[in-house]
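Structure data follow from work-v7.txt (compact mmCIF, C-alpha atoms):
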```txt
# COMPACT_ATOMS: atom_id res chain seq x y z
CA MET N 1 3.15 -64.44 -30.60
CA SER N 2 2.71 -66.94 -27.74
CA ASP N 3 -0.43 -69.01 -27.27
CA THR N 4 -1.14 -67.19 -24.00
CA SER N 5 -1.07 -63.77 -25.70
CA LYS N 6 -3.37 -65.03 -28.46
CA THR N 7 -5.83 -66.35 -25.91
CA VAL N 8 -5.85 -63.04 -23.99
CA LYS N 9 -6.39 -61.11 -27.22
CA LYS N 10 -9.30 -63.34 -28.26
CA ASP N 11 -10.92 -62.97 -24.84
CA ALA N 12 -10.60 -59.16 -25.04
CA VAL N 13 -12.17 -59.06 -28.51
CA ALA N 14 -15.01 -61.31 -27.39
CA ALA N 15 -15.64 -59.11 -24.36
CA VAL N 16 -15.85 -55.99 -26.53
CA GLU N 17 -18.25 -57.69 -28.93
CA ASP N 18 -20.47 -58.85 -26.06
CA ALA N 19 -20.51 -55.34 -24.59
CA SER N 20 -21.40 -53.85 -27.97
CA SER N 21 -24.26 -56.27 -28.50
CA ALA N 22 -25.58 -55.64 -25.00
CA ALA N 23 -25.28 -51.82 -25.21
CA VAL N 24 -28.51 -49.90 -25.11
CA PRO N 25 -28.85 -47.41 -27.98
CA VAL N 26 -28.84 -43.78 -26.90
CA VAL N 27 -32.22 -42.15 -27.47
CA ASP N 28 -32.67 -38.39 -27.74
CA PRO N 29 -34.73 -37.27 -24.67
CA ARG N 30 -36.88 -35.06 -26.94
CA LEU N 31 -38.10 -38.22 -28.70
CA LEU N 32 -39.10 -39.76 -25.38
CA VAL N 33 -41.02 -36.62 -24.43
CA ARG N 34 -42.94 -36.60 -27.72
CA GLU N 35 -43.68 -40.31 -27.57
CA GLU N 36 -45.38 -39.80 -24.18
CA GLY N 37 -47.63 -37.08 -25.60
CA PHE N 38 -49.10 -34.47 -23.25
CA LYS N 39 -47.81 -36.31 -20.17
CA GLY N 40 -44.28 -36.15 -21.55
CA TYR N 41 -44.46 -32.42 -22.17
CA LEU N 42 -45.87 -31.84 -18.69
CA THR N 43 -43.02 -33.84 -17.15
CA GLU N 44 -40.47 -31.91 -19.21
CA PHE N 45 -42.07 -28.59 -18.18
CA LYS N 46 -41.82 -29.53 -14.47
CA ARG N 47 -38.20 -30.56 -14.93
CA LYS N 48 -37.32 -27.22 -16.52
CA VAL N 49 -39.07 -25.23 -13.79
CA ARG N 50 -37.27 -27.18 -11.05
CA GLY N 51 -33.98 -26.59 -12.88
CA GLY N 52 -34.55 -22.84 -13.14
CA GLU N 53 -35.37 -22.78 -16.86
CA LEU N 54 -38.39 -20.50 -16.48
CA GLY N 55 -38.34 -18.89 -19.91
CA SER N 56 -41.20 -16.43 -20.45
CA LEU N 57 -43.40 -17.96 -17.75
CA PRO N 58 -42.84 -15.27 -15.06
CA VAL N 59 -43.56 -12.35 -17.40
CA ILE N 60 -46.70 -14.02 -18.81
CA ILE N 61 -48.01 -14.62 -15.30
CA GLY N 62 -47.11 -11.05 -14.37
CA LEU N 63 -48.91 -9.69 -17.43
CA ILE N 64 -52.07 -11.64 -16.55
CA ILE N 65 -51.95 -10.27 -13.00
CA ILE N 66 -51.42 -6.68 -14.22
CA TRP N 67 -54.31 -6.88 -16.69
CA THR N 68 -56.59 -8.43 -14.06
CA ILE N 69 -55.81 -5.72 -11.50
CA PHE N 70 -56.34 -2.83 -13.91
CA GLN N 71 -59.52 -4.34 -15.34
CA THR N 72 -61.01 -4.63 -11.86
CA GLN N 73 -60.11 -0.98 -11.23
CA SER N 74 -61.28 0.33 -14.61
CA SER N 75 -63.66 -1.42 -16.97
CA ASN N 76 -62.11 0.51 -19.88
CA PHE N 77 -58.73 -1.20 -19.62
CA LEU N 78 -59.45 -4.27 -21.75
CA THR N 79 -61.58 -2.41 -24.28
CA ALA N 80 -60.62 -2.60 -27.94
CA GLY N 81 -59.65 1.06 -28.10
CA ASN N 82 -57.30 0.85 -25.11
CA LEU N 83 -55.66 -2.35 -26.33
CA ALA N 84 -55.12 -0.73 -29.74
CA ASN N 85 -53.44 2.23 -28.01
CA ILE N 86 -51.16 -0.14 -26.10
CA GLY N 87 -50.15 -1.82 -29.36
CA PHE N 88 -49.55 1.49 -31.12
CA PHE N 89 -47.46 3.19 -28.45
CA LEU N 90 -45.34 0.21 -27.41
CA SER N 91 -43.89 -0.19 -30.90
CA ALA N 92 -41.47 2.77 -30.82
CA THR N 93 -39.71 1.85 -27.58
CA GLY N 94 -40.06 -1.80 -28.57
CA MET N 95 -37.84 -1.16 -31.61
CA LEU N 96 -35.11 0.15 -29.32
CA ALA N 97 -35.57 -2.93 -27.12
CA ILE N 98 -35.03 -5.30 -30.08
CA GLY N 99 -31.60 -3.81 -30.74
CA LEU N 100 -30.78 -3.90 -27.04
CA VAL N 101 -31.57 -7.64 -26.92
CA PHE N 102 -28.68 -8.27 -29.31
CA VAL N 103 -26.34 -6.25 -27.10
CA LEU N 104 -27.56 -7.87 -23.88
CA LEU N 105 -26.96 -11.31 -25.38
CA LEU N 106 -23.26 -10.38 -25.34
CA GLY N 107 -23.55 -9.40 -21.69
CA GLU N 108 -23.00 -5.73 -22.61
CA ILE N 109 -25.13 -2.56 -22.56
CA ASP N 110 -25.86 0.29 -24.99
CA LEU N 111 -26.72 3.56 -23.25
CA SER N 112 -26.85 5.58 -26.47
CA VAL N 113 -30.04 4.21 -28.07
CA GLY N 114 -32.25 7.02 -26.77
CA SER N 115 -29.98 9.75 -28.14
CA VAL N 116 -29.48 7.90 -31.43
CA SER N 117 -33.25 7.60 -31.90
CA GLY N 118 -33.69 11.32 -31.29
CA LEU N 119 -30.84 12.18 -33.65
CA ALA N 120 -32.31 9.94 -36.38
CA SER N 121 -35.68 11.70 -36.17
CA ALA N 122 -33.91 15.09 -36.36
CA VAL N 123 -31.89 13.98 -39.40
CA PHE N 124 -35.05 12.76 -41.11
CA ALA N 125 -36.89 16.03 -40.37
CA ILE N 126 -34.04 18.16 -41.71
CA PHE N 127 -33.71 16.13 -44.91
CA VAL N 128 -37.45 16.20 -45.63
CA THR N 129 -38.53 19.60 -44.30
CA ASN N 130 -35.48 21.79 -44.95
CA HIS N 131 -34.06 20.13 -48.06
CA GLY N 132 -37.17 18.62 -49.69
CA MET N 133 -35.64 15.15 -49.95
CA ASN N 134 -37.77 12.17 -50.93
CA PRO N 135 -39.06 10.88 -47.55
CA TRP N 136 -38.31 7.23 -48.38
CA LEU N 137 -34.70 8.10 -49.17
CA ALA N 138 -34.56 10.13 -45.96
CA VAL N 139 -35.72 7.05 -44.03
CA ILE N 140 -32.88 4.97 -45.48
CA LEU N 141 -30.29 7.66 -44.69
CA SER N 142 -31.63 8.05 -41.14
CA ILE N 143 -31.41 4.33 -40.47
CA LEU N 144 -27.92 4.21 -42.01
CA THR N 145 -26.95 7.03 -39.64
CA GLY N 146 -27.95 4.86 -36.70
CA ILE N 147 -26.10 1.82 -38.09
CA VAL N 148 -22.88 3.80 -38.64
CA ILE N 149 -23.08 5.29 -35.14
CA GLY N 150 -23.63 1.86 -33.61
CA ALA N 151 -20.73 0.38 -35.60
CA LEU N 152 -18.51 3.23 -34.37
CA HIS N 153 -19.42 2.40 -30.77
CA GLY N 154 -18.72 -1.26 -31.45
CA TRP N 155 -15.35 -0.46 -33.02
CA PHE N 156 -14.18 1.47 -29.96
CA PHE N 157 -15.37 -1.40 -27.78
CA ALA N 158 -14.07 -4.34 -29.83
CA LYS N 159 -10.87 -2.91 -31.30
CA ILE N 160 -9.69 -0.26 -28.83
CA GLY N 161 -10.94 -2.03 -25.70
CA VAL N 162 -12.97 0.85 -24.25
CA PRO N 163 -15.75 -0.58 -22.04
CA ALA N 164 -19.14 -0.56 -23.77
CA PHE N 165 -20.63 1.30 -20.82
CA VAL N 166 -18.19 4.20 -21.28
CA VAL N 167 -18.39 4.29 -25.08
CA THR N 168 -22.17 4.35 -25.20
CA LEU N 169 -22.42 6.77 -22.29
CA ALA N 170 -20.23 9.15 -24.30
CA GLY N 171 -22.51 8.50 -27.26
CA PHE N 172 -25.55 9.25 -25.13
CA LEU N 173 -24.15 12.69 -24.34
CA GLY N 174 -22.50 13.45 -27.69
CA TRP N 175 -25.34 12.46 -30.02
CA ASN N 176 -27.84 14.25 -27.81
CA GLY N 177 -25.72 17.39 -28.15
CA LEU N 178 -25.61 16.98 -31.95
CA MET N 179 -29.39 16.66 -32.03
CA LEU N 180 -29.71 19.90 -30.06
CA GLN N 181 -27.34 21.58 -32.53
CA LEU N 182 -29.32 20.38 -35.56
CA LEU N 183 -32.73 21.42 -34.22
CA GLY N 184 -31.46 24.88 -33.23
CA ASP N 185 -33.11 27.40 -30.94
CA SER N 186 -36.66 26.34 -31.78
CA GLY N 187 -36.03 22.87 -30.41
CA SER N 188 -38.49 21.23 -32.80
CA LEU N 189 -39.16 20.73 -36.47
CA SER N 190 -42.48 19.74 -38.01
CA ILE N 191 -42.61 16.82 -40.45
CA PRO N 192 -45.18 16.53 -43.27
CA ASP N 193 -47.86 13.89 -42.79
CA ASP N 194 -47.03 11.89 -45.88
CA GLY N 195 -44.82 9.09 -47.09
CA PRO N 196 -43.40 6.61 -44.57
CA LEU N 197 -44.43 8.60 -41.50
CA HIS N 198 -48.02 8.66 -42.70
CA VAL N 199 -47.85 4.87 -43.02
CA LEU N 200 -46.40 4.50 -39.52
CA GLY N 201 -49.02 6.80 -38.04
CA GLN N 202 -52.02 4.91 -39.44
CA ARG N 203 -54.09 2.95 -36.96
CA SER N 204 -55.54 0.53 -39.52
CA PHE N 205 -53.38 -1.84 -41.54
CA PHE N 206 -53.85 -2.25 -45.30
CA LEU N 207 -56.61 0.34 -45.80
CA ASP N 208 -57.94 3.09 -43.55
CA GLN N 209 -60.83 1.79 -41.47
CA ASP N 210 -60.83 -1.51 -43.40
CA ILE N 211 -61.11 -4.53 -41.10
CA SER N 212 -59.91 -6.96 -43.77
CA GLY N 213 -56.27 -6.07 -43.11
CA ALA N 214 -56.32 -7.51 -39.58
CA TYR N 215 -57.80 -10.83 -40.72
CA LEU N 216 -55.39 -10.94 -43.65
CA LEU N 217 -52.47 -10.62 -41.26
CA ALA N 218 -53.85 -13.31 -38.98
CA GLY N 219 -54.30 -15.66 -41.92
CA LEU N 220 -50.83 -14.99 -43.35
CA GLY N 221 -49.19 -15.54 -39.97
CA THR N 222 -50.99 -18.84 -39.48
CA VAL N 223 -50.19 -20.12 -42.98
CA ALA N 224 -46.55 -19.04 -42.65
CA MET N 225 -46.14 -20.93 -39.37
CA LEU N 226 -47.82 -24.04 -40.82
CA ALA N 227 -45.62 -24.01 -43.93
CA GLY N 228 -42.45 -23.35 -41.95
CA SER N 229 -43.21 -26.11 -39.45
CA LEU N 230 -43.93 -28.70 -42.16
CA ILE N 231 -40.79 -27.79 -44.11
CA ASP N 232 -38.69 -28.03 -40.94
CA GLN N 233 -40.32 -31.38 -40.09
CA ARG N 234 -39.51 -32.80 -43.52
CA ARG N 235 -35.95 -31.51 -43.44
CA ARG N 236 -35.25 -32.94 -39.98
CA ARG N 237 -36.91 -36.24 -40.81
CA ALA N 238 -34.72 -36.58 -43.91
CA ALA N 239 -31.65 -35.90 -41.76
CA ALA N 240 -32.77 -38.58 -39.24
CA VAL N 241 -32.85 -36.14 -36.32
CA PRO N 242 -35.71 -35.45 -33.86
CA PHE N 243 -38.67 -33.61 -35.42
CA ARG N 244 -42.05 -32.35 -34.27
CA PRO N 245 -44.90 -34.81 -34.91
CA THR N 246 -47.76 -33.62 -37.10
CA SER N 247 -50.15 -33.62 -34.13
CA GLU N 248 -47.91 -31.16 -32.26
CA ILE N 249 -47.63 -28.93 -35.32
CA ALA N 250 -51.41 -28.93 -35.69
CA PHE N 251 -51.83 -27.97 -32.02
CA ARG N 252 -49.32 -25.11 -32.24
CA VAL N 253 -50.74 -23.75 -35.49
CA GLY N 254 -54.28 -24.02 -34.13
CA ALA N 255 -53.31 -22.11 -30.99
CA LEU N 256 -51.67 -19.38 -33.08
CA ALA N 257 -54.75 -19.16 -35.31
CA ILE N 258 -57.06 -18.73 -32.32
CA VAL N 259 -54.89 -16.04 -30.73
CA SER N 260 -54.34 -14.21 -34.05
CA PHE N 261 -57.97 -14.10 -35.15
CA VAL N 262 -59.23 -13.19 -31.67
CA ALA N 263 -56.70 -10.34 -31.54
CA ALA N 264 -57.75 -9.24 -35.04
CA TYR N 265 -61.42 -9.27 -34.03
CA VAL N 266 -60.77 -7.27 -30.86
CA LEU N 267 -58.61 -4.65 -32.58
CA ASN N 268 -61.17 -4.32 -35.38
CA GLN N 269 -63.67 -3.16 -32.78
CA ALA N 270 -61.49 -0.05 -32.57
CA SER N 271 -59.75 0.96 -35.81
CA GLY N 272 -57.83 -2.17 -36.72
CA VAL N 273 -54.21 -3.21 -36.33
CA PRO N 274 -51.85 -0.18 -36.20
CA ASN N 275 -49.22 -0.19 -38.93
CA ALA N 276 -46.52 0.49 -36.36
CA LEU N 277 -47.45 -2.72 -34.52
CA VAL N 278 -47.41 -4.70 -37.78
CA ILE N 279 -43.89 -3.50 -38.63
CA PHE N 280 -42.74 -4.15 -35.07
CA LEU N 281 -44.04 -7.73 -35.21
CA ALA N 282 -42.42 -8.23 -38.62
CA ALA N 283 -39.10 -7.04 -37.17
CA LEU N 284 -39.49 -9.54 -34.32
CA VAL N 285 -40.08 -12.42 -36.73
CA ILE N 286 -37.08 -11.49 -38.89
CA THR N 287 -34.65 -10.97 -36.00
CA ASP N 288 -35.89 -14.14 -34.29
CA PHE N 289 -35.07 -16.06 -37.46
CA VAL N 290 -31.62 -14.47 -37.59
CA LEU N 291 -30.82 -15.39 -33.98
CA ARG N 292 -32.24 -18.93 -33.99
CA ARG N 293 -31.78 -20.14 -37.56
CA THR N 294 -28.55 -18.61 -38.86
CA SER N 295 -24.88 -19.17 -38.11
CA TYR N 296 -24.56 -15.48 -37.23
CA GLY N 297 -27.18 -15.85 -34.50
CA ARG N 298 -25.38 -18.87 -33.07
CA LYS N 299 -22.16 -16.84 -33.01
CA VAL N 300 -23.89 -14.08 -31.02
CA PHE N 301 -25.01 -16.61 -28.41
CA ALA N 302 -21.57 -18.22 -28.40
CA VAL N 303 -19.78 -14.91 -27.75
CA GLY N 304 -22.29 -14.08 -25.02
CA GLY N 305 -21.79 -17.47 -23.43
CA GLY N 306 -18.00 -17.24 -23.31
CA ILE N 307 -15.60 -15.03 -25.23
CA GLU N 308 -12.53 -17.25 -24.93
CA ALA N 309 -14.45 -20.37 -25.94
CA ALA N 310 -15.86 -18.48 -28.94
CA ARG N 311 -12.36 -17.42 -30.00
CA ARG N 312 -11.09 -21.00 -29.73
CA ALA N 313 -14.01 -22.08 -31.90
CA GLY N 314 -12.78 -19.76 -34.65
CA ILE N 315 -15.44 -17.05 -34.25
CA ASN N 316 -14.43 -13.51 -35.18
CA VAL N 317 -15.39 -11.95 -31.84
CA ALA N 318 -14.56 -8.39 -32.91
CA PHE N 319 -16.85 -8.64 -35.95
CA VAL N 320 -19.72 -10.01 -33.86
CA ARG N 321 -19.35 -7.23 -31.32
CA ILE N 322 -19.19 -4.44 -33.91
CA SER N 323 -22.13 -5.86 -35.87
CA VAL N 324 -24.27 -6.23 -32.76
CA PHE N 325 -23.80 -2.58 -31.82
CA ALA N 326 -24.52 -1.61 -35.44
CA ILE N 327 -27.80 -3.54 -35.23
CA SER N 328 -28.63 -1.76 -31.98
CA GLY N 329 -27.96 1.62 -33.61
CA GLY N 330 -30.08 0.75 -36.64
CA PHE N 331 -33.06 -0.26 -34.52
CA ALA N 332 -32.62 2.85 -32.38
CA ALA N 333 -32.86 4.99 -35.52
CA LEU N 334 -35.92 3.07 -36.66
CA GLY N 335 -37.50 3.60 -33.25
CA GLY N 336 -36.82 7.33 -33.58
CA LEU N 337 -38.88 7.38 -36.78
CA PHE N 338 -41.68 5.60 -34.93
CA PHE N 339 -41.59 8.32 -32.26
CA ALA N 340 -41.67 11.02 -34.95
CA ALA N 341 -44.70 9.35 -36.57
CA GLN N 342 -46.66 9.68 -33.33
CA THR N 343 -46.49 13.49 -33.36
CA TYR N 344 -45.13 14.33 -36.88
CA THR N 345 -42.49 16.37 -35.11
CA ALA N 346 -38.80 16.04 -34.30
CA THR N 347 -38.27 17.53 -30.85
CA LEU N 348 -35.56 17.83 -28.22
CA GLY N 349 -37.52 15.38 -26.10
CA ALA N 350 -37.36 12.63 -28.75
CA GLY N 351 -35.53 9.68 -27.27
CA GLY N 352 -35.00 11.56 -24.03
CA GLY N 353 -36.57 11.27 -20.62
CA ASN N 354 -37.00 7.68 -19.55
CA THR N 355 -36.94 6.20 -23.08
CA LEU N 356 -33.55 4.52 -22.62
CA MET N 357 -34.44 3.06 -19.24
CA LEU N 358 -37.78 1.74 -20.50
CA ALA N 359 -36.14 0.08 -23.51
CA ILE N 360 -33.58 -1.66 -21.30
CA ALA N 361 -36.28 -2.58 -18.80
CA ALA N 362 -38.45 -4.06 -21.55
CA ALA N 363 -35.70 -6.41 -22.75
CA VAL N 364 -34.84 -7.53 -19.22
CA ILE N 365 -38.42 -7.84 -17.96
CA GLY N 366 -39.25 -9.87 -21.07
CA GLY N 367 -36.67 -12.49 -20.14
CA THR N 368 -33.33 -11.53 -21.72
CA SER N 369 -30.53 -12.06 -19.21
CA LEU N 370 -28.28 -9.19 -18.17
CA PHE N 371 -25.47 -11.73 -17.83
CA GLY N 372 -25.41 -12.59 -21.54
CA GLY N 373 -25.93 -15.75 -23.55
CA ARG N 374 -29.63 -16.19 -22.83
CA GLY N 375 -32.76 -14.53 -24.21
CA ASN N 376 -34.68 -13.87 -27.43
CA VAL N 377 -36.11 -10.91 -29.28
CA TRP N 378 -39.69 -11.77 -28.25
CA SER N 379 -38.73 -10.51 -24.81
CA ALA N 380 -38.93 -7.01 -26.32
CA LEU N 381 -42.63 -7.57 -27.04
CA LEU N 382 -43.43 -9.18 -23.68
CA GLY N 383 -41.50 -6.55 -21.73
CA MET N 384 -43.11 -3.66 -23.59
CA LEU N 385 -46.56 -5.18 -23.06
CA VAL N 386 -45.88 -5.14 -19.33
CA ILE N 387 -44.49 -1.58 -19.28
CA GLN N 388 -47.09 -0.08 -21.63
CA SER N 389 -49.89 -1.83 -19.75
CA ILE N 390 -48.69 -0.31 -16.49
CA GLN N 391 -48.43 3.17 -18.01
CA THR N 392 -51.81 2.98 -19.74
CA GLY N 393 -53.55 1.47 -16.72
CA LEU N 394 -52.23 4.14 -14.36
CA ASP N 395 -53.24 6.85 -16.85
CA LEU N 396 -56.78 5.47 -16.85
CA LEU N 397 -56.76 5.65 -13.06
CA ASN N 398 -55.34 9.21 -13.17
CA MET N 399 -52.22 8.20 -11.26
CA ASN N 400 -49.17 10.44 -11.48
CA THR N 401 -45.90 9.71 -13.28
CA ALA N 402 -44.03 9.15 -10.04
CA LEU N 403 -46.10 6.06 -9.29
CA GLN N 404 -45.51 4.75 -12.82
CA TYR N 405 -41.77 4.97 -12.30
CA MET N 406 -41.89 3.22 -8.94
CA ILE N 407 -44.06 0.34 -10.17
CA THR N 408 -41.95 -0.13 -13.31
CA ALA N 409 -38.81 -0.12 -11.15
CA ALA N 410 -40.29 -2.80 -8.88
CA VAL N 411 -41.19 -4.98 -11.88
CA LEU N 412 -37.68 -4.55 -13.32
CA LEU N 413 -36.04 -5.48 -10.03
CA ALA N 414 -38.28 -8.54 -9.75
CA ALA N 415 -37.27 -9.61 -13.29
CA VAL N 416 -33.55 -9.34 -12.49
CA VAL N 417 -34.00 -11.21 -9.20
CA ILE N 418 -35.83 -14.01 -11.02
CA ASP N 419 -33.06 -14.13 -13.62
CA SER N 420 -30.36 -14.35 -10.93
CA VAL N 421 -32.19 -17.06 -8.99
CA SER N 422 -32.83 -18.94 -12.22
CA ARG N 423 -29.12 -18.93 -13.10
CA LYS N 424 -28.21 -20.22 -9.64
CA SER N 425 -30.81 -22.98 -9.94
CA GLN N 426 -29.44 -24.03 -13.31
CA LYS N 427 -25.89 -24.15 -11.94
CA ALA N 428 -27.09 -26.23 -9.01
CA ALA N 429 -28.79 -28.60 -11.46
CA GLY N 430 -25.60 -28.84 -13.53
CA ARG N 431 -26.94 -26.89 -16.54
CA GLY N 432 -25.54 -23.42 -15.83
```
Just give me the structure of the file as structure tokens.
Amino acid sequence: MSDTSKTVKKDAVAAVEDASSAAVPVVDPRLLVREEGFKGYLTEFKRKVRGGELGSLPVIIGLIIIWTIFQTQSSNFLTAGNLANIGFFLSATGMLAIGLVFVLLLGEIDLSVGSVSGLASAVFAIFVTNHGMNPWLAVILSILTGIVIGALHGWFFAKIGVPAFVVTLAGFLGWNGLMLQLLGDSGSLSIPDDGPLHVLGQRSFFLDQDISGAYLLAGLGTVAMLAGSLIDQRRRRAAAVPFRPTSEIAFRVGALAIVSFVAAYVLNQASGVPNALVIFLAALVITDFVLRRTSYGRKVFAVGGGIEAARRAGINVAFVRISVFAISGGFAALGGLFFAAQTYTATLGAGGGNTLMLAIAAAVIGGTSLFGGRGNVWSALLGMLVIQSIQTGLDLLNMNTALQYMITAAVLLAAVVIDSVSRKSQKAAGRG
């Protein structure tokens, strides 16, 4: 090698070493936000809003406005009894909305959930009333019925290539017809007030008219969040990745404790926390964990974000699609049992009427995108709070059903418009 080549090589090596020594280490922006404290979080919040990442902010603001308007029109709206009714009656449709969130995350739709919920309640009633089956076993079989139906829809969609809209529309008609066939000419079937339906129908958790159940739930929820946050902090710290500081954990847990115990106190002024609401919240916690903390949840988001990219990443797209529709069917069946527990009757109207539309509206109003890839199961709770608040408030004001439909439609349209504008803003900011 010539002296000139050696000199050039040495100069190149020296230049690389100088550049390496002068390079500024890359710092995770989340660490910078947390180091700045409250100011950092405020700056990050403003950045997200300008970039179209609104999250649950619009629906929370909307809920505050709705509650304020109805409270000024009727002093009974924010009473303990009315709030307990809102919590009790939103749970059934909310269960359908949880399953729909999974489907919407794929950018698809399931039009069969109303019919599947009605069919599940009919199956349960026939097993228990006509055949004397153990009610707990009947619950399992009813939910399995919904799961199998949902998986069948998913199979036609994922394997045969039939559009989800067409498959589930056929399911909407077909399963509704089967429910009519099972219930017969009477059109209804009474269900005994015992077993699981008795539990679902109770308005006071833990013990009838015992206020300790509400405070027990509030305490358990607070302790669970504290323990989970500290474990996650320790795990992330050991892995040398960004973690929440203890001060932030204390603030979040304290906020949850205040909200939980205030809600427990308010509901105890009526009859306590309804069992249906407790089970609904438990379902939200479990499904939220599945979507955010498991590889399966990440696959659902990946498929919703881009099918071809998900395939190239080695994800079994067909399995994800079939499983998501099975989950939707299972939650639809569970919602049907919630409806049955409200009247202890399986009727032709179960899951009919505007049930399907309200379940879809709840998921979308709560913040889950119709375009797929964005949302969370808590949108089912937020959306149902909005819808049930509108229905209950208008009932208190003796408004007719037509007005309820029109107002709910306007709120739904506003939610979709906000979602569309948000997506455009994110694309403009380079994050869409």
Interatomic distance, CA of Ile322 in chain N to CA of Gly373 in chain N (Å, one decimal): 16.8 Å
Long-range neighbours of range 129-143 of chain N as a PyMOL selection string, 10 Å cut-off, all atoms listed in the file, 3 positions minimum in chain: chain N and resi 116-117+119-126+146-149+189-192+194-197+329-337
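In this comparison, which uses all atoms listed in the file, the residue of N:Gln202, N:Leu106, N:Val377, N:Val417 approaching Lys299 in chain N most closely is N:Leu106.
Closest approach to Leu356 in chain N from the set N:Ile60, N:Phe172, N:Leu281, N:Trp155 is made by N:Phe172, with distances taken over only C-alpha atoms.
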Shortest interatomic distance to Ile279 in chain N - which of N:Leu413, N:Leu226, N:Leu200, N:Leu96, counting all atoms listed in the file: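 With all atoms listed in the file as the atom set, the closest residue is N:Leu200.
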Distance in Å - CA of Gly118 in chain N versus CA of Asn85 in chain N: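 Going from CA of Gly118 in chain N over to CA of Asn85 in chain N, I get 22.0 Å.
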Test item: which residues lie within 9 Å of (-38.2, -12.3, -17.2) counting all atoms listed in the file, as a PyMOL selection string: chain N and resi 54-60+363-369+379+382-383+412+414-416+418-419
Close residues, range 389-404 of chain N itself excluded, 12 Å, all atoms listed in the file, min 3 positions apart in chain, as a PyMOL selection string: chain N and resi 62-79+81-90+353-354+358+362+381-386+407-411
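Nearest-residue note for Gly94 in chain N: choosing from N:Val113, N:Ile160, N:Val262, N:Ile249, the minimum distance belongs to N:Val113, counting only C-alpha atoms.
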Could I get range 335-339 of chain N rebuilt with all heavy atoms, written as a JSON list (two decimals), keeping the file's coordinate frame?
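Written file, out25.json:
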```json
[["chain", "number", "residue", "atom", "x", "y", "z"],
["N", 335, "GLY", "N", -36.60, 3.20, -34.33],
["N", 335, "GLY", "CA", -37.50, 3.60, -33.25],
["N", 335, "GLY", "C", -37.72, 5.10, -33.21],
["N", 335, "GLY", "O", -38.82, 5.57, -32.90],
["N", 336, "GLY", "N", -36.66, 5.87, -33.54],
["N", 336, "GLY", "CA", -36.82, 7.33, -33.58],
["N", 336, "GLY", "C", -37.83, 7.76, -34.62],
["N", 336, "GLY", "O", -38.60, 8.71, -34.40],
["N", 337, "LEU", "N", -37.88, 7.07, -35.76],
["N", 337, "LEU", "CA", -38.88, 7.38, -36.78],
["N", 337, "LEU", "C", -40.28, 7.02, -36.30],
["N", 337, "LEU", "O", -41.25, 7.71, -36.62],
["N", 337, "LEU", "CB", -38.55, 6.62, -38.07],
["N", 337, "LEU", "CG", -37.21, 6.98, -38.73],
["N", 337, "LEU", "CD1", -36.97, 6.11, -39.96],
["N", 337, "LEU", "CD2", -37.17, 8.46, -39.10],
["N", 338, "PHE", "N", -40.38, 5.96, -35.51],
["N", 338, "PHE", "CA", -41.68, 5.60, -34.93],
["N", 338, "PHE", "C", -42.16, 6.69, -33.98],
["N", 338, "PHE", "O", -43.34, 7.06, -33.98],
["N", 338, "PHE", "CB", -41.57, 4.27, -34.17],
["N", 338, "PHE", "CG", -41.72, 3.05, -35.04],
["N", 338, "PHE", "CD1", -40.89, 2.85, -36.12],
["N", 338, "PHE", "CD2", -42.68, 2.11, -34.77],
["N", 338, "PHE", "CE1", -41.00, 1.73, -36.93],
["N", 338, "PHE", "CE2", -42.82, 0.98, -35.56],
["N", 338, "PHE", "CZ", -41.98, 0.79, -36.64],
["N", 339, "PHE", "N", -41.23, 7.22, -33.16],
["N", 339, "PHE", "CA", -41.59, 8.32, -32.26],
["N", 339, "PHE", "C", -42.04, 9.54, -33.05],
["N", 339, "PHE", "O", -43.02, 10.20, -32.69],
["N", 339, "PHE", "CB", -40.39, 8.70, -31.38],
["N", 339, "PHE", "CG", -40.14, 7.77, -30.24],
["N", 339, "PHE", "CD1", -38.94, 7.10, -30.12],
["N", 339, "PHE", "CD2", -41.11, 7.56, -29.26],
["N", 339, "PHE", "CE1", -38.70, 6.23, -29.06],
["N", 339, "PHE", "CE2", -40.88, 6.69, -28.19],
["N", 339, "PHE", "CZ", -39.67, 6.03, -28.10]]
```
